[in-house]
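Asker: Following this message is one structure expressed as structure tokens.
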Amino acid sequence: MGEPSFALISDMLDLLSSFGDRYDIEKIKKAYLLACRAHEGQFRQSGEPYITHPIAVAQSIVELGLDTDSICAAFLHDTLEDCPEAVTPALLTEEFGEDVFLIVDGVTKILQIEVENREEQQVESIRKMMLATSKDIRVIIVKLCDRLHNMRTLGGKKNEDKQRSIAVETMRVYAPLAHRLGMQRLKLELENLSLLYLDPIGYEEVTKAVDARFGRSRDVLVGARKKIEEKLKESVVGFTVTDRIKSVYSLYRKIYELGKPFEEIFDFYALRIIVNTVEECYTVLGMIHELFSSIPGRFKDYINRPKPNMYRSLHTTVVSRDGIPFEVQIRTYEMHKTAEFGVAAHWRYKSGEKGNPYVDAQLAWIARLIESEENMDDPDEYLHSFKKSIFGEEIFVFTPKGDIITLSQGATVIDFAYAIHTEVGNKMVGAKINGVIVPIDRVPQTGDVIEILTQSNHGPSRDWLNVVTTSEARNKIRQWFKREKKSENIEVGKEAVARELRRLGRAFTPEETEEIILAVARRVGMQTAEDLYNTIGYGGMPVSRIAVKLRDESARVLKSQQDAALQTEQTDAAVLADFQENKPKRIKNNGGIVVDGATGCLVKFAKCCTPLPGDAIIGFVTKGFGVSIHKRNCPNAVKGVENPEQKGRWLSAFWDNQSASSLYEVTLSVLTQDKIGALAGITTALAEMKVSVLSLSTAPPKDDKALISITVGCRDVAHYNTIVSRLRTVKTVISVTRN
Ligand code: MN
């Protein structure tokens with residue numbers, strides 16, 4: 001064989017050249033020549049020269065619209081493995097760059113997967129593939145095209161077992177991957193080809209049934225299509241209508257794996273309408289629903305809620321005049337490209353290029369899969385998680401009578417029960433999967449037969465709200481509680497709100513609590529506190545939604561009382577006189593406190609928190625010692641209010657405006673440097689401010705520091721703050737805190 005010619009790839013080169021300088025034609029030619037030399041003298045089992053295979057793979061890559069490096073890698077993808085003498089990593093890197101080498105290397109490392117024998121091996125291969133792919137998503141795209149050509153030429157393999165095992169692997173690993181990457185066209189072809197080898201008889205049966213049915217209904221469907229096209233012409237510019245018959249494999253799956261009768265498959269025949277804008281999609285949808293009657297429950301808006309693989313379209317199923325149902329898919333050209341080519345459609349020529357959200361999302365998905373795999377020892381678990389991340393949409397399970405129920409992935413048997421009927425869910429007491437009793441939070445798998453055990457006088461449990469994953473089931477459970485258990489809901493809701501209130505770290509009397517809750521209830525559009533409790537109780541609203549409002553309202557309630565207390569100016573002449581005389585003054589017994597609307601009752605200040613005027617306070621009716629006044633954020637008060645045994649003994653209290661003449665004891669801890677004169681500095685400062693010192697003690701110095709405890713007479717919080725600020729300016733003082 002002399003110098004290889006470009007005859008075999010001349011069409012491809014012409015096509016690529018027509019894009020101007022988008023492709024590096026010389027580099028592609030160089031890759032092709034190296035592949036020809038490396039595979040020289042090698043043949044495929046069919047007898048063809050081996051080079052036909054890399055050419056076909058490169059052709060698929062070109063059709064997907066990938067870049068120069070991907071095309072080069074496609075030509076060279078088998079060289080590292082099959083021709084190690086001729087082609088080395090160093091050579092590839094030197095001649096074609098790091099990217100081409102990494103893609104070829106990645107493809108090479110994905111070894112033949114012996115799926116039939118051991119699941120561990122399958123897992124190992126998937127793991128390798130994912131690791132290789134996570135570096136550059138082009139690895140998996142080249143690998144998928146490689147597999148596509150191998151499947152197209154699988155008939156050339158002599159060994160039937162080998163054919164079968166490759167087909168199984170394609171069905172289990174490659175087709176799902178193509179699906180997950182949104183490469184629909186490739187996925188369908190891989191599935192159909194696999195089926196042809198896995199169940200040739202079933203394949204033929206389905207094909208025949210399709211032909212027969214399509215033959216019967218062809219005229220009707222062609223008529224429907226014409227009608228649609230005429231209608232669209234009136235107002236939509238630049239649309240395309242195509243028709244398609246569902247893929248053999250997807251029909252096969254519905255018929256044989258899910259046991260659906262052929263007649264019930266609505267999307268067997270579909271019309272696809274492609275338009276320019278999203279707006280037109282919805283306009284066209286309206287037109288379709290005007291022309292034909294639609295089948296309820298079959299409309300799906302994948303434009304607003306794209307599938308996990310980014311598929312977007314509107315789907316609806318309508319019925320022709322002759323009663324033949326057919327599906328209509330409506331999408332834009334952009335969406336169509338994504339649907340057909342998936343991740344490849346979004347390729348932007350360079351792997352390193354950041355900021356393509358589509359490619360990033362796909363890579364993130366693969367990275368997550370690898371991450372989850374690292375934390376998993378059990379291959380079954382991994383395989384399950386792999387499948388879940390690929391088929392992340394829905395599972396199909398059966399009732400004991402054989403009806404198919406579709407559930408979203410991750411749904412539990414409770415979701416299943418509610419999917420059958422509300423009453424089945426409400427009366428559920430247990431479940432069997434494939435005849436075995438299972439816990440009610442069990443997540444069934446596709447193909448499971450589920451039997452729900454019920455009891456007539458039974459109701460759902462509130463815990464179920466945390467177990468179910470479908471919004472339908474959650475809503476139905478909430479409705480039941482809303483209807484059946486009002487008084488219980490109110491108790492549950494009340495407790496939840498009380499817990500939330502407790503987190504604010506303040507004590508409230510029952511009256512204040514009522515005021516706060518009512519204000520919050522009004523703010524969320526409810527008339528009474530009961531309504532709010534009830535809604536929270538049956539799960540209609542999470543308590544977290546009112547957390548901020550609770551905080552706001554309680555702050556408001558507290559502040560209005562403090563404001564009232566602080567309004568009086570503290571300028572009583574008698575007070576000033578007292579201070580000037582520097583005469584210690586004891587706290588009055590009922591010193592300026594109003595408890596629950598009545599002044600003059602016996603009050604004392606709690607030792608635990610020694611409140612000052614201006615502090616938010618609350619009163620506690622002691623047994624025989626009058627009312628003891630705590631700060632609202634005193635831990636004892638916060639706890640006490642919640643204590644049912646102390647119910648009714650906590651009263652709202654605030655400072656009486658009229659009795660500002662009292663002095664209140666406050667004990668300060670002053671940490672000072674242990675210097676001679678430190679104490680003198682402090683007492684001088686206090687004297688300058690004419691603060692009455694009620695007692696003073698010092699602890700023995702430690703680490704050159706001394707702690708001085710001073711009890712002073714204070715008018716109110718403002719006065720207290722002045723004292724503390726002044727003390728902090730004394731040179732030797734390190735810190736001042738209130739006991
Ligand atoms: Mn290959």
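Ligands are numbered from 1 in the order shown, chains are lettered A, B, ... in the order of the structure tokens, and residues start at 1 in each chain.
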Select from chain A every residue with an atom at most 12 Å from any atom of ligand 1, then for each give the shortest pair of atoms and their distance in Å to one decimal, using only C-alpha atoms and all ligand atoms, rows by chain and rising number, as CSV.
Answerer:
```
residue,atom,partner,partner_atom_place_in_ligand_line,distance
A:Ala35,CA,ligand 1,1 (Mn),11.8
A:His39,CA,ligand 1,1 (Mn),11.6
A:Arg44,CA,ligand 1,1 (Mn),10.5
A:Tyr50,CA,ligand 1,1 (Mn),9.5
A:Ile51,CA,ligand 1,1 (Mn),9.9
A:Thr52,CA,ligand 1,1 (Mn),10.2
A:His53,CA,ligand 1,1 (Mn),6.6
A:Pro54,CA,ligand 1,1 (Mn),6.5
A:Ile55,CA,ligand 1,1 (Mn),10.0
A:Ala56,CA,ligand 1,1 (Mn),9.6
A:Val57,CA,ligand 1,1 (Mn),7.6
A:Ala58,CA,ligand 1,1 (Mn),10.4
A:Ala73,CA,ligand 1,1 (Mn),10.9
A:Ala74,CA,ligand 1,1 (Mn),8.4
A:Phe75,CA,ligand 1,1 (Mn),9.2
A:Leu76,CA,ligand 1,1 (Mn),9.0
A:His77,CA,ligand 1,1 (Mn),6.3
A:Asp78,CA,ligand 1,1 (Mn),5.4
A:Thr79,CA,ligand 1,1 (Mn),9.1
A:Leu80,CA,ligand 1,1 (Mn),10.9
A:Glu81,CA,ligand 1,1 (Mn),9.8
A:Asp82,CA,ligand 1,1 (Mn),9.7
A:Val104,CA,ligand 1,1 (Mn),10.4
A:Val107,CA,ligand 1,1 (Mn),8.7
A:Thr108,CA,ligand 1,1 (Mn),8.8
A:Lys109,CA,ligand 1,1 (Mn),11.9
A:Ile110,CA,ligand 1,1 (Mn),10.9
A:Leu111,CA,ligand 1,1 (Mn),10.8
A:Gln112,CA,ligand 1,1 (Mn),10.8
A:Val142,CA,ligand 1,1 (Mn),9.1
A:Lys143,CA,ligand 1,1 (Mn),7.8
A:Leu144,CA,ligand 1,1 (Mn),9.7
A:Cys145,CA,ligand 1,1 (Mn),8.6
A:Asp146,CA,ligand 1,1 (Mn),4.9
A:Arg147,CA,ligand 1,1 (Mn),7.1
A:Leu148,CA,ligand 1,1 (Mn),9.5
A:His149,CA,ligand 1,1 (Mn),8.0
A:Asn150,CA,ligand 1,1 (Mn),7.3
A:Met151,CA,ligand 1,1 (Mn),10.8
A:Thr153,CA,ligand 1,1 (Mn),11.5
```
Asker: So that I have them on file, write out the residues from the current selection with C-alpha atoms, as a CSV table (one decimal), in the first residue's frame.
Answerer:
```csv
chain,number,residue,atom,x,y,z
A,35,ALA,CA,-4.7,6.5,11.3
A,39,HIS,CA,-4.1,0.5,11.0
A,44,ARG,CA,-12.4,-6.0,10.7
A,50,TYR,CA,-10.0,-1.5,9.6
A,51,ILE,CA,-9.7,2.2,8.6
A,52,THR,CA,-13.4,2.1,7.5
A,53,HIS,CA,-14.3,2.1,11.2
A,54,PRO,CA,-12.4,5.3,12.3
A,55,ILE,CA,-13.7,7.0,9.2
A,56,ALA,CA,-17.3,6.1,10.1
A,57,VAL,CA,-16.8,7.3,13.7
A,58,ALA,CA,-15.3,10.6,12.4
A,73,ALA,CA,-9.5,12.0,18.0
A,74,ALA,CA,-12.2,10.0,16.2
A,75,PHE,CA,-9.8,9.1,13.4
A,76,LEU,CA,-7.2,8.1,16.0
A,77,HIS,CA,-9.4,6.6,18.7
A,78,ASP,CA,-8.2,3.0,18.2
A,79,THR,CA,-4.5,3.6,17.5
A,80,LEU,CA,-3.2,3.7,21.1
A,81,GLU,CA,-4.7,0.3,21.9
A,82,ASP,CA,-4.3,-1.5,18.5
A,104,VAL,CA,-8.0,9.3,22.6
A,107,VAL,CA,-11.7,6.5,24.9
A,108,THR,CA,-9.0,3.8,25.1
A,109,LYS,CA,-9.4,3.5,28.9
A,110,ILE,CA,-13.1,2.7,28.6
A,111,LEU,CA,-12.7,-1.0,28.2
A,112,GLN,CA,-15.0,-3.7,26.9
A,142,VAL,CA,-16.5,9.9,20.6
A,143,LYS,CA,-17.1,6.7,22.5
A,144,LEU,CA,-20.8,6.8,21.7
A,145,CYS,CA,-20.1,7.3,18.0
A,146,ASP,CA,-17.6,4.4,18.2
A,147,ARG,CA,-20.3,2.3,19.7
A,148,LEU,CA,-22.8,3.4,17.2
A,149,HIS,CA,-20.7,2.2,14.3
A,150,ASN,CA,-19.9,-1.1,16.1
A,151,MET,CA,-23.6,-1.6,16.5
A,153,THR,CA,-21.8,-3.4,11.9
```
Asker: Using only C-alpha atoms, which residues sit within 9 Å of Thr412 in chain A once same-chain residues fewer than 4 positions away are excluded, as a PyMOL selection string?
Answerer: chain A and resi 407+416-417+440-444+467-470
Asker: Keeping all heavy atoms for every residue in the selection just given, could you write it to a file as an mmCIF file, in the first residue's frame?
Answerer:
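Output contents, as saved in again.cif:
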```
data_model
loop_
_atom_site.group_PDB
_atom_site.id
_atom_site.type_symbol
_atom_site.label_atom_id
_atom_site.label_comp_id
_atom_site.auth_asym_id
_atom_site.auth_seq_id
_atom_site.Cartn_x
_atom_site.Cartn_y
_atom_site.Cartn_z
ATOM 1 N N LEU A 407 -44.763 6.516 38.551
ATOM 2 C CA LEU A 407 -44.372 7.330 39.703
ATOM 3 C C LEU A 407 -43.092 8.061 39.363
ATOM 4 O O LEU A 407 -42.310 7.612 38.536
ATOM 5 C CB LEU A 407 -44.104 6.440 40.926
ATOM 6 C CG LEU A 407 -45.281 5.704 41.549
ATOM 7 C CD1 LEU A 407 -44.770 4.766 42.633
ATOM 8 C CD2 LEU A 407 -46.286 6.691 42.126
ATOM 9 N N PHE A 416 -47.389 5.723 46.068
ATOM 10 C CA PHE A 416 -48.100 4.775 45.212
ATOM 11 C C PHE A 416 -49.562 4.655 45.647
ATOM 12 O O PHE A 416 -50.474 4.725 44.836
ATOM 13 C CB PHE A 416 -47.396 3.410 45.278
ATOM 14 C CG PHE A 416 -48.141 2.308 44.591
ATOM 15 C CD1 PHE A 416 -48.010 2.117 43.221
ATOM 16 C CD2 PHE A 416 -48.969 1.453 45.311
ATOM 17 C CE1 PHE A 416 -48.695 1.093 42.588
ATOM 18 C CE2 PHE A 416 -49.658 0.433 44.680
ATOM 19 C CZ PHE A 416 -49.521 0.249 43.313
ATOM 20 N N ALA A 417 -49.766 4.488 46.963
ATOM 21 C CA ALA A 417 -51.128 4.329 47.480
ATOM 22 C C ALA A 417 -51.995 5.527 47.098
ATOM 23 O O ALA A 417 -53.127 5.368 46.636
ATOM 24 C CB ALA A 417 -51.090 4.159 49.002
ATOM 25 N N ILE A 440 -43.299 1.301 55.094
ATOM 26 C CA ILE A 440 -44.069 2.179 54.210
ATOM 27 C C ILE A 440 -43.229 3.277 53.562
ATOM 28 O O ILE A 440 -43.705 3.974 52.688
ATOM 29 C CB ILE A 440 -45.264 2.835 54.940
ATOM 30 C CG1 ILE A 440 -44.778 3.527 56.205
ATOM 31 C CG2 ILE A 440 -46.347 1.835 55.213
ATOM 32 C CD1 ILE A 440 -45.808 4.444 56.799
ATOM 33 N N ASP A 441 -41.988 3.412 53.997
ATOM 34 C CA ASP A 441 -41.162 4.421 53.326
ATOM 35 C C ASP A 441 -40.293 3.786 52.241
ATOM 36 O O ASP A 441 -39.410 4.416 51.695
ATOM 37 C CB ASP A 441 -40.285 5.185 54.325
ATOM 38 C CG ASP A 441 -39.359 4.269 55.094
ATOM 39 O OD1 ASP A 441 -39.475 3.030 54.917
ATOM 40 O OD2 ASP A 441 -38.529 4.780 55.859
ATOM 41 N N ARG A 442 -40.576 2.521 51.914
ATOM 42 C CA ARG A 442 -39.798 1.831 50.902
ATOM 43 C C ARG A 442 -39.994 2.484 49.529
ATOM 44 O O ARG A 442 -41.094 2.878 49.173
ATOM 45 C CB ARG A 442 -40.223 0.349 50.847
ATOM 46 C CG ARG A 442 -39.552 -0.475 49.778
ATOM 47 C CD ARG A 442 -38.045 -0.579 49.948
ATOM 48 N NE ARG A 442 -37.629 -1.126 51.224
ATOM 49 C CZ ARG A 442 -37.524 -2.419 51.490
ATOM 50 N NH1 ARG A 442 -37.806 -3.305 50.585
ATOM 51 N NH2 ARG A 442 -37.117 -2.812 52.673
ATOM 52 N N VAL A 443 -38.908 2.583 48.781
ATOM 53 C CA VAL A 443 -38.958 3.147 47.434
ATOM 54 C C VAL A 443 -38.986 1.997 46.433
ATOM 55 O O VAL A 443 -38.028 1.247 46.323
ATOM 56 C CB VAL A 443 -37.722 4.035 47.175
ATOM 57 C CG1 VAL A 443 -37.703 4.515 45.732
ATOM 58 C CG2 VAL A 443 -37.712 5.219 48.144
ATOM 59 N N PRO A 444 -40.107 1.815 45.722
ATOM 60 C CA PRO A 444 -40.187 0.700 44.777
ATOM 61 C C PRO A 444 -39.375 0.968 43.498
ATOM 62 O O PRO A 444 -39.034 2.109 43.209
ATOM 63 C CB PRO A 444 -41.681 0.624 44.455
ATOM 64 C CG PRO A 444 -42.220 1.977 44.746
ATOM 65 C CD PRO A 444 -41.343 2.598 45.792
ATOM 66 N N VAL A 467 -42.207 11.660 54.524
ATOM 67 C CA VAL A 467 -41.812 10.453 53.801
ATOM 68 C C VAL A 467 -42.144 10.565 52.313
ATOM 69 O O VAL A 467 -41.338 10.230 51.459
ATOM 70 C CB VAL A 467 -42.512 9.211 54.398
ATOM 71 C CG1 VAL A 467 -42.223 7.977 53.559
ATOM 72 C CG2 VAL A 467 -42.070 9.000 55.848
ATOM 73 N N VAL A 468 -43.337 11.092 52.010
ATOM 74 C CA VAL A 468 -43.766 11.111 50.611
ATOM 75 C C VAL A 468 -42.903 12.075 49.800
ATOM 76 O O VAL A 468 -42.344 13.031 50.336
ATOM 77 C CB VAL A 468 -45.253 11.499 50.465
ATOM 78 C CG1 VAL A 468 -46.137 10.475 51.128
ATOM 79 C CG2 VAL A 468 -45.510 12.884 51.026
ATOM 80 N N THR A 469 -42.794 11.784 48.497
ATOM 81 C CA THR A 469 -41.973 12.646 47.654
ATOM 82 C C THR A 469 -42.792 13.315 46.561
ATOM 83 O O THR A 469 -42.314 14.215 45.910
ATOM 84 C CB THR A 469 -40.832 11.852 46.985
ATOM 85 O OG1 THR A 469 -41.413 10.871 46.136
ATOM 86 C CG2 THR A 469 -39.949 11.180 48.008
ATOM 87 N N THR A 470 -44.022 12.854 46.341
ATOM 88 C CA THR A 470 -44.816 13.490 45.297
ATOM 89 C C THR A 470 -45.721 14.550 45.917
ATOM 90 O O THR A 470 -46.213 14.381 47.034
ATOM 91 C CB THR A 470 -45.698 12.467 44.544
ATOM 92 O OG1 THR A 470 -46.572 11.837 45.485
ATOM 93 C CG2 THR A 470 -44.853 11.411 43.877
#
```
Asker: Could you work out how far CA of Arg298 in chain A lies from CA of Gln329 in chain A, giving the answer in Å with one decimal?
Answerer: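 Distance between the two atoms: 11.5 Å.
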Asker: Counting only C-alpha atoms, which of A:Gly297, A:Pro635, A:Gly342, A:Gly619 gets nearest to Phe654 in chain A?
Answerer: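 Looking only at the distances to Phe654 in chain A, the closest residue turns out to be A:Gly619.
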Asker: Please determine, counting only C-alpha atoms, which residue among A:Thr684, A:Gln646, A:Thr610, A:Ser46 has the shortest atom-to-atom distance to Leu668 in chain A.
Answerer: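 Using only C-alpha atoms, the shortest distance to Leu668 in chain A belongs to A:Thr610.
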Asker: Run DSSP on the backbone and tell me which residues of range 683-712 of chain A come out as strand (DSSP E); list them as an mmCIF file with C-alpha atoms, in the first residue's frame.
Answerer:
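File produced: out-v1.cif:
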```
data_model
loop_
_atom_site.group_PDB
_atom_site.id
_atom_site.type_symbol
_atom_site.label_atom_id
_atom_site.label_comp_id
_atom_site.auth_asym_id
_atom_site.auth_seq_id
_atom_site.Cartn_x
_atom_site.Cartn_y
_atom_site.Cartn_z
ATOM 1 C CA VAL A 693 -21.605 53.660 95.500
ATOM 2 C CA LEU A 694 -23.563 51.148 97.566
ATOM 3 C CA SER A 695 -20.845 48.573 98.053
ATOM 4 C CA LEU A 696 -17.445 47.768 96.746
ATOM 5 C CA SER A 697 -15.199 44.718 97.001
ATOM 6 C CA THR A 698 -12.029 43.564 95.318
ATOM 7 C CA LYS A 705 -5.225 41.934 86.929
ATOM 8 C CA ALA A 706 -7.772 42.722 89.586
ATOM 9 C CA LEU A 707 -11.517 42.274 89.566
ATOM 10 C CA ILE A 708 -13.493 44.929 91.401
ATOM 11 C CA SER A 709 -17.141 44.480 92.166
ATOM 12 C CA ILE A 710 -19.044 47.749 92.631
ATOM 13 C CA THR A 711 -22.714 48.179 93.379
ATOM 14 C CA VAL A 712 -23.999 51.578 92.377
#
```
Asker: Range 542-546 of chain A: which residues within 7 Å, counting only C-alpha atoms, same-chain residues fewer than 5 positions away excluded, as a PyMOL selection string?
Answerer: chain A and resi 496-497+536
Asker: In terms of the shortest atom-to-atom distance over only C-alpha atoms, which of A:Arg152, A:Lys307, A:Leu92, A:Thr332 is closest to Gly238 in chain A?
Answerer: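 Smallest distance to Gly238 in chain A is found for A:Thr332.
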Asker: Which of these residues is nearest to Asp322 in chain A, using only C-alpha atoms: A:Ala224, A:Val139, A:Leu232, A:Leu251?
Answerer: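 Checking each of A:Ala224, A:Val139, A:Leu232, A:Leu251 against Asp322 in chain A, counting only C-alpha atoms, the winner is A:Ala224.
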Asker: Near range 93-102 of chain A, within 7 Å and counting only C-alpha atoms, which residues show up once chain neighbours fewer than 5 positions away are dropped, as a list of chain:residue names?
Answerer: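 Once the nearby chain positions are removed, what remains is A:Asp69, A:Ser70, A:Cys72, A:Ala73.
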Asker: Please produce a file of those selected residues containing C-alpha atoms, as a PDB file, in the first residue's frame.
Answerer:
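Done, and the output landed in part39.pdb:
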```
ATOM      1  CA  ASP A  69      -9.853  17.996  17.838  1.00  0.00           C
ATOM      2  CA  SER A  70     -12.835  15.668  18.222  1.00  0.00           C
ATOM      3  CA  CYS A  72      -8.884  14.031  14.838  1.00  0.00           C
ATOM      4  CA  ALA A  73      -9.495  11.982  17.988  1.00  0.00           C
TER       5      ALA A  73
END
```
Asker: Nearest to Lys227 in chain A: which of A:Arg321, A:Lys675, A:Arg715, A:Lys690 is it, counting only C-alpha atoms?
Answerer: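 That would be A:Arg321, the residue with the smallest distance to Lys227 in chain A.
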